[in-house]
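**Q** One file: upload_29.pdb (PDB, C-alpha atoms).
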MODEL        1
ATOM      1  CA  MET W   1     -15.582 -27.982 -20.878  1.00  0.00           C
ATOM      2  CA  PRO W   2     -16.670 -30.127 -17.873  1.00  0.00           C
ATOM      3  CA  LEU W   3     -18.544 -28.435 -15.060  1.00  0.00           C
ATOM      4  CA  ASP W   4     -17.842 -28.843 -11.347  1.00  0.00           C
ATOM      5  CA  LYS W   5     -20.188 -31.475  -9.914  1.00  0.00           C
ATOM      6  CA  ASP W   6     -19.332 -31.995  -6.239  1.00  0.00           C
ATOM      7  CA  GLN W   7     -16.421 -31.728  -3.873  1.00  0.00           C
ATOM      8  CA  THR W   8     -14.796 -33.300  -0.841  1.00  0.00           C
ATOM      9  CA  ILE W   9     -13.184 -31.018   1.715  1.00  0.00           C
ATOM     10  CA  ARG W  10     -10.270 -32.481   3.645  1.00  0.00           C
ATOM     11  CA  ALA W  11      -9.292 -30.859   6.919  1.00  0.00           C
ATOM     12  CA  SER W  12      -6.789 -31.645   9.602  1.00  0.00           C
ATOM     13  CA  VAL W  13      -6.790 -29.847  12.918  1.00  0.00           C
ATOM     14  CA  VAL W  14      -3.753 -30.009  15.177  1.00  0.00           C
ATOM     15  CA  VAL W  15      -4.090 -28.886  18.799  1.00  0.00           C
ATOM     16  CA  PHE W  16      -1.224 -28.686  21.228  1.00  0.00           C
ATOM     17  CA  PRO W  17      -0.555 -27.013  24.572  1.00  0.00           C
ATOM     18  CA  ALA W  18       1.353 -23.739  24.598  1.00  0.00           C
ATOM     19  CA  THR W  19       4.546 -23.480  26.581  1.00  0.00           C
ATOM     20  CA  GLY W  20       6.052 -20.730  28.720  1.00  0.00           C
ATOM     21  CA  GLU W  21       3.884 -18.108  30.390  1.00  0.00           C
ATOM     22  CA  LYS W  22       0.717 -19.092  28.532  1.00  0.00           C
ATOM     23  CA  LYS W  23       0.826 -22.640  29.800  1.00  0.00           C
ATOM     24  CA  ASN W  24      -2.956 -22.931  30.028  1.00  0.00           C
ATOM     25  CA  ASN W  25      -3.466 -21.931  26.398  1.00  0.00           C
ATOM     26  CA  HIS W  26      -3.679 -24.241  23.436  1.00  0.00           C
ATOM     27  CA  LEU W  27      -2.504 -23.623  19.907  1.00  0.00           C
ATOM     28  CA  VAL W  28      -4.827 -24.747  17.115  1.00  0.00           C
ATOM     29  CA  ARG W  29      -3.817 -25.027  13.509  1.00  0.00           C
ATOM     30  CA  ILE W  30      -6.038 -26.144  10.646  1.00  0.00           C
ATOM     31  CA  SER W  31      -5.153 -27.072   7.065  1.00  0.00           C
ATOM     32  CA  LEU W  32      -7.724 -27.369   4.295  1.00  0.00           C
ATOM     33  CA  GLN W  33      -7.710 -29.069   0.910  1.00  0.00           C
ATOM     34  CA  ARG W  34     -10.432 -29.987  -1.547  1.00  0.00           C
ATOM     35  CA  VAL W  35     -11.023 -32.490  -4.310  1.00  0.00           C
ATOM     36  CA  VAL W  36     -13.495 -31.298  -6.942  1.00  0.00           C
ATOM     37  CA  ARG W  37     -15.189 -33.830  -9.195  1.00  0.00           C
ATOM     38  CA  THR W  38     -16.532 -32.616 -12.523  1.00  0.00           C
ATOM     39  CA  THR W  39     -19.204 -33.823 -14.926  1.00  0.00           C
ATOM     40  CA  ASP W  40     -16.399 -35.604 -16.791  1.00  0.00           C
ATOM     41  CA  PRO W  41     -14.933 -38.294 -14.455  1.00  0.00           C
ATOM     42  CA  ARG W  42     -11.544 -37.948 -16.189  1.00  0.00           C
ATOM     43  CA  PHE W  43     -11.135 -34.462 -14.760  1.00  0.00           C
ATOM     44  CA  VAL W  44     -10.669 -34.188 -11.012  1.00  0.00           C
ATOM     45  CA  LYS W  45      -9.167 -31.064  -9.470  1.00  0.00           C
ATOM     46  CA  SER W  46      -7.350 -31.118  -6.177  1.00  0.00           C
ATOM     47  CA  GLU W  47      -6.060 -28.052  -4.420  1.00  0.00           C
ATOM     48  CA  TRP W  48      -4.707 -26.614  -1.211  1.00  0.00           C
ATOM     49  CA  LEU W  49      -7.181 -23.997   0.069  1.00  0.00           C
ATOM     50  CA  LYS W  50      -5.363 -20.766   0.864  1.00  0.00           C
ATOM     51  CA  ASP W  51      -8.190 -18.237   1.229  1.00  0.00           C
ATOM     52  CA  PRO W  52      -7.720 -16.635   4.700  1.00  0.00           C
ATOM     53  CA  GLU W  53     -11.500 -16.100   4.994  1.00  0.00           C
ATOM     54  CA  LEU W  54     -12.089 -19.843   5.197  1.00  0.00           C
ATOM     55  CA  TYR W  55      -9.648 -20.115   8.084  1.00  0.00           C
ATOM     56  CA  GLN W  56     -11.027 -17.027   9.840  1.00  0.00           C
ATOM     57  CA  GLY W  57     -14.528 -18.497   9.483  1.00  0.00           C
ATOM     58  CA  PHE W  58     -13.408 -21.729  11.086  1.00  0.00           C
ATOM     59  CA  PHE W  59     -11.709 -19.971  14.009  1.00  0.00           C
ATOM     60  CA  MET W  60     -14.751 -17.735  14.609  1.00  0.00           C
ATOM     61  CA  LYS W  61     -16.980 -20.797  14.830  1.00  0.00           C
ATOM     62  CA  LEU W  62     -14.448 -22.585  17.011  1.00  0.00           C
ATOM     63  CA  SER W  63     -14.213 -19.608  19.408  1.00  0.00           C
ATOM     64  CA  GLN W  64     -17.982 -19.561  19.742  1.00  0.00           C
ATOM     65  CA  SER W  65     -18.058 -23.293  20.269  1.00  0.00           C
ATOM     66  CA  VAL W  66     -15.370 -23.178  22.957  1.00  0.00           C
ATOM     67  CA  PHE W  67     -17.311 -20.385  24.711  1.00  0.00           C
ATOM     68  CA  LEU W  68     -20.578 -22.366  24.597  1.00  0.00           C
ATOM     69  CA  GLU W  69     -18.888 -25.517  25.845  1.00  0.00           C
ATOM     70  CA  GLY W  70     -17.077 -23.574  28.595  1.00  0.00           C
ATOM     71  CA  HIS W  71     -20.373 -22.152  29.819  1.00  0.00           C
ATOM     72  CA  LYS W  72     -22.168 -25.478  29.397  1.00  0.00           C
ATOM     73  CA  ILE W  73     -24.786 -23.935  27.118  1.00  0.00           C
TER      74      ILE W  73
ATOM     75  CA  MET D   1     -15.085 -73.113 -37.957  1.00  0.00           C
ATOM     76  CA  ASN D   2     -15.510 -69.586 -39.205  1.00  0.00           C
ATOM     77  CA  PRO D   3     -11.998 -68.152 -39.947  1.00  0.00           C
ATOM     78  CA  ARG D   4     -12.974 -64.794 -38.456  1.00  0.00           C
ATOM     79  CA  ILE D   5     -13.910 -66.451 -35.174  1.00  0.00           C
ATOM     80  CA  VAL D   6     -10.615 -68.402 -35.187  1.00  0.00           C
ATOM     81  CA  LYS D   7      -8.640 -65.163 -35.758  1.00  0.00           C
ATOM     82  CA  LEU D   8     -10.521 -63.417 -32.978  1.00  0.00           C
ATOM     83  CA  THR D   9      -9.952 -66.338 -30.591  1.00  0.00           C
ATOM     84  CA  VAL D  10      -6.197 -66.305 -31.344  1.00  0.00           C
ATOM     85  CA  LEU D  11      -6.079 -62.535 -30.834  1.00  0.00           C
ATOM     86  CA  VAL D  12      -7.864 -62.803 -27.486  1.00  0.00           C
ATOM     87  CA  ALA D  13      -5.519 -65.625 -26.404  1.00  0.00           C
ATOM     88  CA  VAL D  14      -2.418 -63.588 -27.375  1.00  0.00           C
ATOM     89  CA  CYS D  15      -3.694 -60.508 -25.524  1.00  0.00           C
ATOM     90  CA  ALA D  16      -4.502 -62.581 -22.455  1.00  0.00           C
ATOM     91  CA  THR D  17      -1.025 -64.167 -22.508  1.00  0.00           C
ATOM     92  CA  PHE D  18       0.833 -60.872 -22.817  1.00  0.00           C
ATOM     93  CA  GLY D  19      -1.499 -59.162 -20.392  1.00  0.00           C
ATOM     94  CA  GLY D  20      -0.897 -61.996 -17.941  1.00  0.00           C
ATOM     95  CA  CYS D  21       2.877 -61.667 -18.370  1.00  0.00           C
ATOM     96  CA  ALA D  22       2.702 -57.933 -17.758  1.00  0.00           C
ATOM     97  CA  ALA D  23       0.621 -58.472 -14.624  1.00  0.00           C
ATOM     98  CA  THR D  24       3.062 -61.114 -13.300  1.00  0.00           C
ATOM     99  CA  ARG D  25       6.052 -58.865 -14.060  1.00  0.00           C
ATOM    100  CA  SER D  26       4.468 -55.843 -12.375  1.00  0.00           C
ATOM    101  CA  GLN D  27       3.693 -57.963  -9.300  1.00  0.00           C
ATOM    102  CA  LYS D  28       7.309 -59.055  -9.077  1.00  0.00           C
ATOM    103  CA  GLU D  29       8.395 -55.410  -9.172  1.00  0.00           C
ATOM    104  CA  VAL D  30       6.337 -54.408  -6.166  1.00  0.00           C
ATOM    105  CA  LEU D  31       9.430 -54.241  -3.940  1.00  0.00           C
ATOM    106  CA  ALA D  32      11.840 -53.143  -6.671  1.00  0.00           C
ATOM    107  CA  THR D  33      13.671 -49.805  -6.417  1.00  0.00           C
ATOM    108  CA  ASP D  34      15.951 -47.979  -8.809  1.00  0.00           C
ATOM    109  CA  GLN D  35      18.422 -47.002  -6.069  1.00  0.00           C
ATOM    110  CA  SER D  36      20.304 -48.850  -3.361  1.00  0.00           C
ATOM    111  CA  GLN D  37      18.920 -48.832   0.172  1.00  0.00           C
ATOM    112  CA  VAL D  38      22.056 -47.044   1.381  1.00  0.00           C
ATOM    113  CA  GLU D  39      21.556 -44.225  -1.156  1.00  0.00           C
ATOM    114  CA  GLN D  40      17.906 -43.816  -0.197  1.00  0.00           C
ATOM    115  CA  ARG D  41      18.627 -43.764   3.520  1.00  0.00           C
ATOM    116  CA  ALA D  42      21.307 -41.126   3.016  1.00  0.00           C
ATOM    117  CA  TYR D  43      18.976 -38.480   1.617  1.00  0.00           C
ATOM    118  CA  GLN D  44      15.857 -39.537   3.479  1.00  0.00           C
ATOM    119  CA  THR D  45      17.418 -39.412   6.941  1.00  0.00           C
ATOM    120  CA  ARG D  46      18.730 -36.724   9.298  1.00  0.00           C
ATOM    121  CA  VAL D  47      19.968 -36.904  12.875  1.00  0.00           C
ATOM    122  CA  PHE D  48      19.063 -34.298  15.449  1.00  0.00           C
ATOM    123  CA  ASP D  49      20.883 -33.657  18.707  1.00  0.00           C
ATOM    124  CA  THR D  50      17.830 -33.982  20.896  1.00  0.00           C
ATOM    125  CA  THR D  51      15.991 -36.753  22.710  1.00  0.00           C
ATOM    126  CA  ASP D  52      12.651 -34.960  22.848  1.00  0.00           C
ATOM    127  CA  LYS D  53      10.564 -37.180  20.591  1.00  0.00           C
ATOM    128  CA  GLU D  54       7.290 -35.338  21.169  1.00  0.00           C
ATOM    129  CA  GLN D  55       8.736 -31.911  20.362  1.00  0.00           C
ATOM    130  CA  THR D  56      10.386 -33.337  17.250  1.00  0.00           C
ATOM    131  CA  LEU D  57       7.109 -34.902  16.109  1.00  0.00           C
ATOM    132  CA  ARG D  58       5.335 -31.603  16.721  1.00  0.00           C
ATOM    133  CA  ALA D  59       7.980 -29.842  14.617  1.00  0.00           C
ATOM    134  CA  VAL D  60       7.447 -32.439  11.868  1.00  0.00           C
ATOM    135  CA  ILE D  61       3.675 -31.851  11.969  1.00  0.00           C
ATOM    136  CA  ALA D  62       4.138 -28.071  11.784  1.00  0.00           C
ATOM    137  CA  THR D  63       6.610 -28.401   8.895  1.00  0.00           C
ATOM    138  CA  LEU D  64       4.267 -30.643   6.925  1.00  0.00           C
ATOM    139  CA  GLN D  65       1.491 -28.118   7.507  1.00  0.00           C
ATOM    140  CA  ASP D  66       3.820 -25.348   6.285  1.00  0.00           C
ATOM    141  CA  PHE D  67       4.091 -27.282   3.027  1.00  0.00           C
ATOM    142  CA  GLY D  68       0.296 -27.526   2.767  1.00  0.00           C
ATOM    143  CA  CYS D  69      -0.129 -31.092   3.948  1.00  0.00           C
ATOM    144  CA  ILE D  70      -3.167 -32.483   5.678  1.00  0.00           C
ATOM    145  CA  ILE D  71      -2.088 -34.646   8.606  1.00  0.00           C
ATOM    146  CA  ASP D  72      -3.594 -38.082   8.021  1.00  0.00           C
ATOM    147  CA  ARG D  73      -2.231 -39.752  11.141  1.00  0.00           C
ATOM    148  CA  ALA D  74       0.196 -39.149  13.958  1.00  0.00           C
ATOM    149  CA  ASP D  75       1.384 -41.611  16.595  1.00  0.00           C
ATOM    150  CA  LEU D  76       3.663 -40.595  19.445  1.00  0.00           C
ATOM    151  CA  VAL D  77       4.428 -44.158  20.570  1.00  0.00           C
ATOM    152  CA  LEU D  78       5.503 -45.365  17.146  1.00  0.00           C
ATOM    153  CA  GLY D  79       6.947 -41.962  16.271  1.00  0.00           C
ATOM    154  CA  VAL D  80       5.213 -41.633  12.914  1.00  0.00           C
ATOM    155  CA  VAL D  81       3.411 -38.824  11.112  1.00  0.00           C
ATOM    156  CA  SER D  82       1.745 -39.170   7.702  1.00  0.00           C
ATOM    157  CA  GLY D  83       0.397 -36.371   5.569  1.00  0.00           C
ATOM    158  CA  THR D  84      -1.027 -35.708   2.116  1.00  0.00           C
ATOM    159  CA  LYS D  85      -0.732 -32.652  -0.053  1.00  0.00           C
ATOM    160  CA  LEU D  86      -3.249 -32.094  -2.847  1.00  0.00           C
ATOM    161  CA  ASP D  87      -2.430 -29.242  -5.189  1.00  0.00           C
ATOM    162  CA  GLY D  88      -3.092 -30.435  -8.716  1.00  0.00           C
ATOM    163  CA  TYR D  89      -1.152 -33.547  -7.726  1.00  0.00           C
ATOM    164  CA  GLN D  90      -1.087 -35.925  -4.779  1.00  0.00           C
ATOM    165  CA  LEU D  91       1.981 -36.041  -2.577  1.00  0.00           C
ATOM    166  CA  ARG D  92       1.955 -38.496   0.308  1.00  0.00           C
ATOM    167  CA  ILE D  93       4.655 -38.338   2.943  1.00  0.00           C
ATOM    168  CA  THR D  94       5.447 -40.399   6.021  1.00  0.00           C
ATOM    169  CA  VAL D  95       7.992 -39.256   8.587  1.00  0.00           C
ATOM    170  CA  THR D  96       9.345 -41.513  11.314  1.00  0.00           C
ATOM    171  CA  VAL D  97      11.221 -40.393  14.416  1.00  0.00           C
ATOM    172  CA  ARG D  98      13.205 -42.859  16.523  1.00  0.00           C
ATOM    173  CA  PRO D  99      16.046 -42.714  19.043  1.00  0.00           C
ATOM    174  CA  ARG D 100      19.618 -43.032  17.859  1.00  0.00           C
ATOM    175  CA  GLY D 101      21.796 -43.900  20.829  1.00  0.00           C
ATOM    176  CA  THR D 102      21.025 -42.015  24.014  1.00  0.00           C
ATOM    177  CA  THR D 103      21.437 -38.414  22.882  1.00  0.00           C
ATOM    178  CA  GLN D 104      20.035 -38.195  19.368  1.00  0.00           C
ATOM    179  CA  LEU D 105      16.928 -38.754  17.299  1.00  0.00           C
ATOM    180  CA  LEU D 106      16.832 -40.108  13.792  1.00  0.00           C
ATOM    181  CA  VAL D 107      14.239 -38.615  11.447  1.00  0.00           C
ATOM    182  CA  ARG D 108      13.397 -40.321   8.171  1.00  0.00           C
ATOM    183  CA  ALA D 109      11.025 -39.082   5.480  1.00  0.00           C
ATOM    184  CA  ASN D 110       9.442 -41.093   2.656  1.00  0.00           C
ATOM    185  CA  ALA D 111       7.460 -39.373  -0.046  1.00  0.00           C
ATOM    186  CA  GLN D 112       5.348 -40.556  -2.939  1.00  0.00           C
ATOM    187  CA  LEU D 113       4.164 -38.346  -5.793  1.00  0.00           C
ATOM    188  CA  GLN D 114       1.004 -39.690  -7.454  1.00  0.00           C
ATOM    189  CA  ILE D 115       1.934 -43.401  -7.619  1.00  0.00           C
ATOM    190  CA  LYS D 116       5.695 -43.037  -7.816  1.00  0.00           C
ATOM    191  CA  ALA D 117       8.201 -42.859  -4.958  1.00  0.00           C
ATOM    192  CA  VAL D 118      10.100 -39.556  -4.791  1.00  0.00           C
ATOM    193  CA  SER D 119      13.697 -40.584  -5.446  1.00  0.00           C
ATOM    194  CA  ASP D 120      15.144 -37.107  -6.014  1.00  0.00           C
ATOM    195  CA  ALA D 121      17.171 -35.899  -3.009  1.00  0.00           C
ATOM    196  CA  ARG D 122      16.185 -32.215  -3.333  1.00  0.00           C
ATOM    197  CA  PRO D 123      12.625 -32.338  -1.977  1.00  0.00           C
ATOM    198  CA  TYR D 124      13.945 -34.175   1.087  1.00  0.00           C
ATOM    199  CA  GLN D 125      16.677 -31.568   1.551  1.00  0.00           C
ATOM    200  CA  ASN D 126      14.004 -28.841   1.415  1.00  0.00           C
ATOM    201  CA  PHE D 127      11.930 -30.695   3.977  1.00  0.00           C
ATOM    202  CA  PHE D 128      14.852 -31.153   6.374  1.00  0.00           C
ATOM    203  CA  THR D 129      15.973 -27.535   5.963  1.00  0.00           C
ATOM    204  CA  ALA D 130      12.474 -26.403   6.916  1.00  0.00           C
ATOM    205  CA  LEU D 131      12.378 -28.911   9.775  1.00  0.00           C
ATOM    206  CA  GLU D 132      15.705 -27.666  11.132  1.00  0.00           C
ATOM    207  CA  ARG D 133      14.310 -24.129  11.085  1.00  0.00           C
ATOM    208  CA  SER D 134      11.170 -25.308  12.819  1.00  0.00           C
ATOM    209  CA  MET D 135      13.213 -27.110  15.480  1.00  0.00           C
ATOM    210  CA  PHE D 136      15.206 -23.934  16.052  1.00  0.00           C
ATOM    211  CA  LEU D 137      11.995 -21.932  16.432  1.00  0.00           C
ATOM    212  CA  LYS D 138      10.663 -24.583  18.789  1.00  0.00           C
ATOM    213  CA  ALA D 139      13.765 -24.325  20.918  1.00  0.00           C
ATOM    214  CA  HIS D 140      13.550 -20.532  21.027  1.00  0.00           C
ATOM    215  CA  GLU D 141       9.800 -20.041  20.880  1.00  0.00           C
ATOM    216  CA  VAL D 142       8.725 -16.484  20.100  1.00  0.00           C
ATOM    217  CA  ASP D 143       5.358 -15.491  21.472  1.00  0.00           C
TER     218      ASP D 143
ENDMDL
END
Could you write out this file's structure as structure tokens?

**A**
Amino acid sequence: MPLDKDQTIRASVVVFPATGEKKNNHLVRISLQRVVRTTDPRFVKSEWLKDPELYQGFFMKLSQSVFLEGHKI
Amino acid sequence: MNPRIVKLTVLVAVCATFGGCAATRSQKEVLATDQSQVEQRAYQTRVFDTTDKEQTLRAVIATLQDFGCIIDRADLVLGVVSGTKLDGYQLRITVTVRPRGTTQLLVRANAQLQIKAVSDARPYQNFFTALERSMFLKAHEVD
């Protein structure tokens, strides 16, 4: 049974302006995938990451980052 | 000359010849398809009664994300969005949006699963059904 060796995370982030009343807001959407290489090069796993925690983690960091940038810290 | 060496040389020559033929044949089939262009266009294309290219491209992006795709590139000027889905397999899809007359937009999707073009109409139907829904939601955005 081959063991997981390393992985590549693929992410795409789409940002677009909101419409209507919240015109100054922006909507952000991220999608995550990963490719896992194992000790046997014939076996490579690829999957769509669906764990909500990963996405929550990203948005928490993004919120903090936007705050820091906004306050020029 | 050693008969074993002669045999081996002949074997190598035969393999090289057939291998060469296979390579030449596969090169010639680079642009080959198993369906007519008209058939392909029929299930890969839909027309929408809108001229808002940007909103349509945004709906395409959102729909691809709904299917679990990573957006590899998007270009408003050319009207093209490409995405990849990895989920035990690799699905690559490119969607183009261009004007059709003065009141409509033409949307065409091309997908490739692993190294083979997707020539079954159903996945495209599913994509367009989801896109239609997304366009409807876009038109009547719920906060």

**Q** Output the residue selection produced by the PyMOL selection byres ((chain D) within 9 of (chain W)) on the file above, formatted as a VMD selection string.

**A** chain D and resid 58 61 to 62 65 68 to 72 85 to 90 141 143

**Q** Assuming the chain letters and numbering stay as they are in my file, what does the PyMOL selection byres ((chain D and resi 127) around 12) actually select? List them as a PyMOL selection string.

**A** chain D and resi 43-46+59-67+93-95+107-111+121-126+128-134

**Q** Expressed in Å to a single decimal, how great is the separation between CA of Val97 in chain D and CA of Lys53 in chain D?

**A** 7.0 Å

**Q** Closest to Met1 in chain W among W:Val15, W:Asp40, W:Phe59, W:His26, using only C-alpha atoms?

**A** W:Asp40

**Q** Give me, please, the distance in Å between CA of Leu3 in chain W and CA of Arg37 in chain W, quoted to one decimal.

**A**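 Pair CA of Leu3 in chain W / CA of Arg37 in chain W returns 8.6 Å.
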
**Q** So which one's closest to Gln55 in chain D, W:Gly70, W:Thr8, W:Leu54, W:Pro17? Using only C-alpha atoms, please.

**A**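 Among W:Gly70, W:Thr8, W:Leu54, W:Pro17, it is W:Pro17 that comes nearest to Gln55 in chain D.
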
**Q** So how far away is CA of Thr56 in chain D from CA of Val81 in chain D, in Å?

**A**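 CA of Thr56 in chain D lies 10.8 Å from CA of Val81 in chain D.
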
**Q** For Asp75 in chain D, list every protein, DNA or RNA residue within 10 Å, evaluated using only C-alpha atoms, and leave out those in the same chain fewer than 5 positions away; present the list as a PyMOL selection string.

**A** chain D and resi 54+57+80-82+96

**Q** Between W:Phe43, W:Asp51, W:Thr38, W:Val28, which is the closest to Ser63 in chain W once you count only C-alpha atoms?

**A** W:Val28

**Q** Name all residues at most 12 Å from Asp34 in chain D (count only C-alpha atoms; drop same-chain ones fewer than 4 positions away) and give them as a short mmCIF file (atom, residue, chain, number, x, y, z; two decimals) with C-alpha atoms, keeping the file's coordinate frame.

**A**
data_model
loop_
_atom_site.label_atom_id
_atom_site.label_comp_id
_atom_site.auth_asym_id
_atom_site.auth_seq_id
_atom_site.Cartn_x
_atom_site.Cartn_y
_atom_site.Cartn_z
CA GLU D 29 8.40 -55.41 -9.17
CA VAL D 30 6.34 -54.41 -6.17
CA VAL D 38 22.06 -47.04 1.38
CA GLU D 39 21.56 -44.22 -1.16
CA GLN D 40 17.91 -43.82 -0.20
CA LYS D 116 5.70 -43.04 -7.82
CA ALA D 117 8.20 -42.86 -4.96
CA VAL D 118 10.10 -39.56 -4.79
CA SER D 119 13.70 -40.58 -5.45
CA ASP D 120 15.14 -37.11 -6.01
#

**Q** For Val36 in chain W, which residue among W:Pro52, W:Gln7, W:Leu68, W:Pro2 is the nearest when counting only C-alpha atoms?

**A** W:Gln7

**Q** Which of these, D:Ser36, D:Gln114, D:Gln104, D:Thr50, has the shortest distance to Thr84 in chain D once you count all atoms listed in the file?

**A**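 Among D:Ser36, D:Gln114, D:Gln104, D:Thr50, it is D:Gln114 that comes nearest to Thr84 in chain D.
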